[in-house]
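Shown below: run10.txt, with compact mmCIF, N, CA and C atoms.
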# COMPACT_ATOMS: atom_id res chain seq x y z
N MET Q 1 54.51 -2.53 -64.70
CA MET Q 1 55.85 -2.85 -64.25
C MET Q 1 55.84 -4.08 -63.33
N LEU Q 2 54.90 -4.13 -62.40
CA LEU Q 2 54.79 -5.27 -61.50
C LEU Q 2 54.43 -6.54 -62.26
N ALA Q 3 53.55 -6.41 -63.24
CA ALA Q 3 53.14 -7.57 -64.03
C ALA Q 3 54.32 -8.14 -64.81
N ILE Q 4 55.14 -7.29 -65.37
CA ILE Q 4 56.31 -7.74 -66.13
C ILE Q 4 57.30 -8.44 -65.20
N THR Q 5 57.51 -7.89 -64.02
CA THR Q 5 58.44 -8.50 -63.06
C THR Q 5 57.95 -9.87 -62.63
N LEU Q 6 56.66 -10.00 -62.31
CA LEU Q 6 56.10 -11.30 -61.94
C LEU Q 6 56.20 -12.29 -63.09
N TYR Q 7 55.94 -11.83 -64.29
CA TYR Q 7 56.03 -12.69 -65.47
C TYR Q 7 57.45 -13.24 -65.61
N ARG Q 8 58.43 -12.39 -65.43
CA ARG Q 8 59.84 -12.82 -65.54
C ARG Q 8 60.22 -13.79 -64.42
N ILE Q 9 59.72 -13.56 -63.22
CA ILE Q 9 60.01 -14.46 -62.08
C ILE Q 9 59.44 -15.85 -62.36
N PHE Q 10 58.22 -15.91 -62.84
CA PHE Q 10 57.61 -17.20 -63.18
C PHE Q 10 58.40 -17.90 -64.29
N ASP Q 11 58.80 -17.15 -65.31
CA ASP Q 11 59.59 -17.74 -66.39
C ASP Q 11 60.94 -18.25 -65.89
N PHE Q 12 61.57 -17.50 -65.01
CA PHE Q 12 62.86 -17.92 -64.46
C PHE Q 12 62.71 -19.19 -63.64
N TYR Q 13 61.67 -19.29 -62.84
CA TYR Q 13 61.45 -20.49 -62.04
C TYR Q 13 61.17 -21.69 -62.93
N GLU Q 14 60.45 -21.46 -64.01
CA GLU Q 14 60.22 -22.54 -64.97
C GLU Q 14 61.54 -23.03 -65.57
N LEU Q 15 62.42 -22.11 -65.89
CA LEU Q 15 63.74 -22.49 -66.40
C LEU Q 15 64.54 -23.28 -65.37
N LEU Q 16 64.41 -22.91 -64.09
CA LEU Q 16 65.09 -23.66 -63.04
C LEU Q 16 64.58 -25.10 -62.97
N ILE Q 17 63.28 -25.28 -63.12
CA ILE Q 17 62.71 -26.63 -63.11
C ILE Q 17 63.24 -27.43 -64.30
N ILE Q 18 63.28 -26.83 -65.46
CA ILE Q 18 63.79 -27.51 -66.65
C ILE Q 18 65.27 -27.85 -66.49
N ALA Q 19 66.05 -26.91 -65.96
CA ALA Q 19 67.47 -27.17 -65.73
C ALA Q 19 67.67 -28.31 -64.75
N TRP Q 20 66.85 -28.36 -63.71
CA TRP Q 20 66.96 -29.43 -62.72
C TRP Q 20 66.65 -30.78 -63.37
N CYS Q 21 65.65 -30.81 -64.23
CA CYS Q 21 65.31 -32.05 -64.94
C CYS Q 21 66.46 -32.50 -65.84
N ILE Q 22 67.04 -31.57 -66.56
CA ILE Q 22 68.16 -31.90 -67.44
C ILE Q 22 69.36 -32.39 -66.63
N MET Q 23 69.58 -31.80 -65.47
CA MET Q 23 70.70 -32.22 -64.62
C MET Q 23 70.54 -33.67 -64.16
N SER Q 24 69.31 -34.15 -64.09
CA SER Q 24 69.11 -35.53 -63.65
C SER Q 24 69.58 -36.53 -64.71
N TRP Q 25 69.80 -36.09 -65.93
CA TRP Q 25 70.27 -36.98 -66.99
C TRP Q 25 71.77 -37.22 -66.91
N PHE Q 26 72.51 -36.33 -66.25
CA PHE Q 26 73.96 -36.46 -66.18
C PHE Q 26 74.36 -37.41 -65.06
N PRO Q 27 75.45 -38.13 -65.27
CA PRO Q 27 75.88 -39.07 -64.22
C PRO Q 27 76.35 -38.34 -62.97
N ARG Q 28 76.18 -39.00 -61.85
CA ARG Q 28 76.61 -38.43 -60.58
C ARG Q 28 78.09 -38.66 -60.39
N GLY Q 29 78.69 -37.85 -59.55
CA GLY Q 29 80.10 -38.02 -59.23
C GLY Q 29 80.96 -36.82 -59.59
N VAL Q 30 80.55 -36.04 -60.57
CA VAL Q 30 81.30 -34.84 -60.93
C VAL Q 30 80.94 -33.77 -59.91
N GLU Q 31 81.94 -33.27 -59.21
CA GLU Q 31 81.70 -32.38 -58.06
C GLU Q 31 80.97 -31.09 -58.45
N VAL Q 32 81.37 -30.50 -59.55
CA VAL Q 32 80.74 -29.24 -59.96
C VAL Q 32 79.26 -29.46 -60.28
N LEU Q 33 78.97 -30.54 -61.00
CA LEU Q 33 77.57 -30.83 -61.33
C LEU Q 33 76.76 -31.17 -60.08
N GLU Q 34 77.38 -31.83 -59.13
CA GLU Q 34 76.68 -32.15 -57.87
C GLU Q 34 76.30 -30.88 -57.11
N ARG Q 35 77.19 -29.91 -57.09
CA ARG Q 35 76.88 -28.64 -56.41
C ARG Q 35 75.74 -27.89 -57.11
N ILE Q 36 75.78 -27.89 -58.43
CA ILE Q 36 74.71 -27.24 -59.19
C ILE Q 36 73.39 -27.97 -58.95
N ARG Q 37 73.45 -29.30 -58.98
CA ARG Q 37 72.26 -30.12 -58.76
C ARG Q 37 71.68 -29.86 -57.37
N GLU Q 38 72.54 -29.77 -56.36
CA GLU Q 38 72.08 -29.49 -55.00
C GLU Q 38 71.42 -28.11 -54.89
N ALA Q 39 72.06 -27.12 -55.50
CA ALA Q 39 71.52 -25.76 -55.44
C ALA Q 39 70.16 -25.68 -56.13
N LEU Q 40 70.06 -26.29 -57.31
CA LEU Q 40 68.77 -26.30 -58.01
C LEU Q 40 67.72 -27.08 -57.22
N GLY Q 41 68.14 -28.18 -56.62
CA GLY Q 41 67.22 -28.99 -55.83
C GLY Q 41 66.65 -28.25 -54.64
N MET Q 42 67.48 -27.44 -54.01
CA MET Q 42 67.00 -26.67 -52.85
C MET Q 42 65.92 -25.67 -53.25
N VAL Q 43 65.98 -25.19 -54.47
CA VAL Q 43 65.01 -24.20 -54.93
C VAL Q 43 63.77 -24.87 -55.53
N VAL Q 44 63.96 -25.96 -56.24
CA VAL Q 44 62.89 -26.56 -57.03
C VAL Q 44 62.16 -27.69 -56.29
N GLU Q 45 62.86 -28.46 -55.50
CA GLU Q 45 62.27 -29.63 -54.85
C GLU Q 45 61.04 -29.34 -53.98
N PRO Q 46 61.02 -28.29 -53.18
CA PRO Q 46 59.80 -28.05 -52.37
C PRO Q 46 58.54 -27.89 -53.22
N TYR Q 47 58.67 -27.23 -54.35
CA TYR Q 47 57.52 -27.05 -55.24
C TYR Q 47 57.13 -28.37 -55.90
N LEU Q 48 58.12 -29.10 -56.38
CA LEU Q 48 57.84 -30.38 -57.04
C LEU Q 48 57.29 -31.41 -56.08
N ALA Q 49 57.67 -31.34 -54.81
CA ALA Q 49 57.20 -32.29 -53.81
C ALA Q 49 55.68 -32.22 -53.65
N LEU Q 50 55.11 -31.04 -53.87
CA LEU Q 50 53.65 -30.90 -53.81
C LEU Q 50 52.96 -31.80 -54.83
N PHE Q 51 53.56 -31.91 -55.99
CA PHE Q 51 52.95 -32.69 -57.07
C PHE Q 51 53.31 -34.17 -56.98
N ARG Q 52 54.45 -34.48 -56.42
CA ARG Q 52 54.86 -35.88 -56.29
C ARG Q 52 53.96 -36.65 -55.33
N ARG Q 53 53.30 -35.94 -54.44
CA ARG Q 53 52.36 -36.61 -53.54
C ARG Q 53 51.19 -37.21 -54.29
N PHE Q 54 50.80 -36.57 -55.38
CA PHE Q 54 49.62 -36.99 -56.13
C PHE Q 54 49.94 -37.72 -57.43
N ILE Q 55 51.15 -37.53 -57.95
CA ILE Q 55 51.52 -38.11 -59.24
C ILE Q 55 52.72 -39.04 -59.03
N PRO Q 56 52.46 -40.33 -58.93
CA PRO Q 56 53.57 -41.27 -58.75
C PRO Q 56 54.32 -41.46 -60.07
N PRO Q 57 55.59 -41.81 -60.01
CA PRO Q 57 56.34 -42.10 -61.25
C PRO Q 57 55.71 -43.29 -61.99
N MET Q 58 55.67 -43.19 -63.30
CA MET Q 58 55.13 -44.26 -64.13
C MET Q 58 56.26 -44.85 -64.96
N SER Q 59 56.53 -46.12 -64.78
CA SER Q 59 57.63 -46.81 -65.48
C SER Q 59 58.96 -46.12 -65.24
N GLY Q 60 59.13 -45.59 -64.05
CA GLY Q 60 60.39 -44.94 -63.69
C GLY Q 60 60.53 -43.51 -64.18
N ILE Q 61 59.48 -42.96 -64.78
CA ILE Q 61 59.52 -41.59 -65.30
C ILE Q 61 58.68 -40.71 -64.39
N ASP Q 62 59.29 -39.61 -63.96
CA ASP Q 62 58.62 -38.67 -63.07
C ASP Q 62 57.95 -37.57 -63.91
N PHE Q 63 56.64 -37.58 -63.92
CA PHE Q 63 55.89 -36.59 -64.70
C PHE Q 63 55.51 -35.35 -63.88
N SER Q 64 55.88 -35.32 -62.62
CA SER Q 64 55.51 -34.19 -61.77
C SER Q 64 56.10 -32.86 -62.26
N PRO Q 65 57.32 -32.80 -62.83
CA PRO Q 65 57.79 -31.50 -63.33
C PRO Q 65 56.92 -30.94 -64.44
N ILE Q 66 56.38 -31.82 -65.28
CA ILE Q 66 55.52 -31.34 -66.37
C ILE Q 66 54.25 -30.73 -65.81
N VAL Q 67 53.63 -31.42 -64.87
CA VAL Q 67 52.42 -30.90 -64.25
C VAL Q 67 52.73 -29.62 -63.47
N ALA Q 68 53.88 -29.59 -62.80
CA ALA Q 68 54.26 -28.40 -62.04
C ALA Q 68 54.44 -27.19 -62.95
N ILE Q 69 55.01 -27.39 -64.13
CA ILE Q 69 55.19 -26.28 -65.06
C ILE Q 69 53.84 -25.82 -65.60
N VAL Q 70 52.94 -26.75 -65.88
CA VAL Q 70 51.61 -26.38 -66.37
C VAL Q 70 50.87 -25.56 -65.31
N VAL Q 71 50.93 -26.00 -64.06
CA VAL Q 71 50.27 -25.25 -62.98
C VAL Q 71 50.93 -23.88 -62.80
N LEU Q 72 52.24 -23.84 -62.91
CA LEU Q 72 52.96 -22.56 -62.80
C LEU Q 72 52.50 -21.60 -63.90
N ARG Q 73 52.34 -22.11 -65.10
CA ARG Q 73 51.85 -21.27 -66.20
C ARG Q 73 50.42 -20.78 -65.96
N LEU Q 74 49.58 -21.65 -65.42
CA LEU Q 74 48.20 -21.24 -65.12
C LEU Q 74 48.17 -20.14 -64.06
N VAL Q 75 48.97 -20.30 -63.02
CA VAL Q 75 49.04 -19.28 -61.97
C VAL Q 75 49.60 -17.98 -62.55
N GLN Q 76 50.58 -18.10 -63.43
CA GLN Q 76 51.15 -16.92 -64.07
C GLN Q 76 50.08 -16.16 -64.85
N ARG Q 77 49.27 -16.88 -65.60
CA ARG Q 77 48.22 -16.23 -66.37
C ARG Q 77 47.15 -15.59 -65.49
N VAL Q 78 46.83 -16.24 -64.38
CA VAL Q 78 45.86 -15.66 -63.44
C VAL Q 78 46.39 -14.35 -62.87
N PHE Q 79 47.66 -14.36 -62.45
CA PHE Q 79 48.25 -13.13 -61.92
C PHE Q 79 48.27 -12.03 -62.97
N LEU Q 80 48.62 -12.37 -64.20
CA LEU Q 80 48.66 -11.35 -65.24
C LEU Q 80 47.27 -10.84 -65.56
N TYR Q 81 46.27 -11.69 -65.48
CA TYR Q 81 44.90 -11.26 -65.72
C TYR Q 81 44.43 -10.30 -64.62
N ILE Q 82 44.81 -10.61 -63.38
CA ILE Q 82 44.41 -9.78 -62.25
C ILE Q 82 45.11 -8.41 -62.32
N LEU Q 83 46.39 -8.44 -62.65
CA LEU Q 83 47.14 -7.18 -62.70
C LEU Q 83 46.92 -6.53 -64.03
Could you write out this file's structure as structure tokens?
Amino acid sequence: MLAITLYRIFDFYELLIIAWCIMSWFPRGVEVLERIREALGMVVEPYLALFRRFIPPMSGIDFSPIVAIVVLRLVQRVFLYIL
């Protein structure tokens, strides 16, 4: 039961990261989208900031979310292996 709950939490956080990335494609100025973007940023940015220290943007593209998701998946598998 604990393993399933942790698995779902990791999957949900991964979806939040993906949603935050997709939100960056939309133009700024729409109030509803700005609120959603802010809320997602408050949850996702602290985790992504860990990777941005080591992975600079290349040609204006931020690859830190991809690395963050890969690390999240690795941690998820370690937890599931332990439990």
### Query
Of the candidates Q:Leu33, Q:Leu50, Q:Ile82, Q:Leu2, which one gets nearest to Pro65 of chain Q if we count only C-alpha atoms?
Q:Leu50
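Interatomic distance, atom CA of Ala49 of chain Q to atom CA of Arg37 of chain Q: 16.0 Å.
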### Message
When you look at Ile69 of chain Q with a cut-off of 10 Å (counting only C-alpha atoms), what residues show up, excluding the ones that are within fewer than 2 positions of it in the same chain? I need them as JSON, numbers by chain.
### Response
{"Q": [10, 11, 13, 14, 15, 17, 18, 48, 64, 65, 66, 67, 71, 72, 73, 74, 75]}
### Message
Show me, as a ChimeraX atom specification, the residues that have an atom within 8 Å of Leu40 of chain Q when counting all atoms listed in the file, minus same-chain residues fewer than 4 positions from it.
### Response
/Q:16-17,19-20,34-36,44-46
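Between atom N of Phe26 of chain Q and atom CA of Glu38 of chain Q the interatomic distance comes to 13.2 Å.
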#### Entry: One-decimal distance in Å that lies between atom C of Phe51 of chain Q and atom C of Ala68 of chain Q
9.3 Å
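The residue that comes closest to Leu6 of chain Q, out of Q:Val43, Q:Phe54, Q:Glu31, Q:Leu80 and on the basis of only N, CA and C atoms, is Q:Leu80.
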### In segment 19-57 of chain Q, DSSP helix (DSSP H, G or I) residues written as a PyMOL selection string
chain Q and resi 19-23+31-52
Expected axis-aligned box over every listed atom of segment 64-78 of chain Q, 5 Å added per side, centre plus edges in Å to one decimal, as lines of an AutoDock Vina configuration file:
center_x = 51.8
center_y = -24.8
center_z = -64.1
size_x = 21.9
size_y = 31.0
size_z = 14.6
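Remark: for Thr5 of chain Q, the closest of the candidate residues Q:Phe79, Q:Met58, Q:Cys21, Q:Gly29 is Q:Phe79 (distances computed over only C-alpha atoms).
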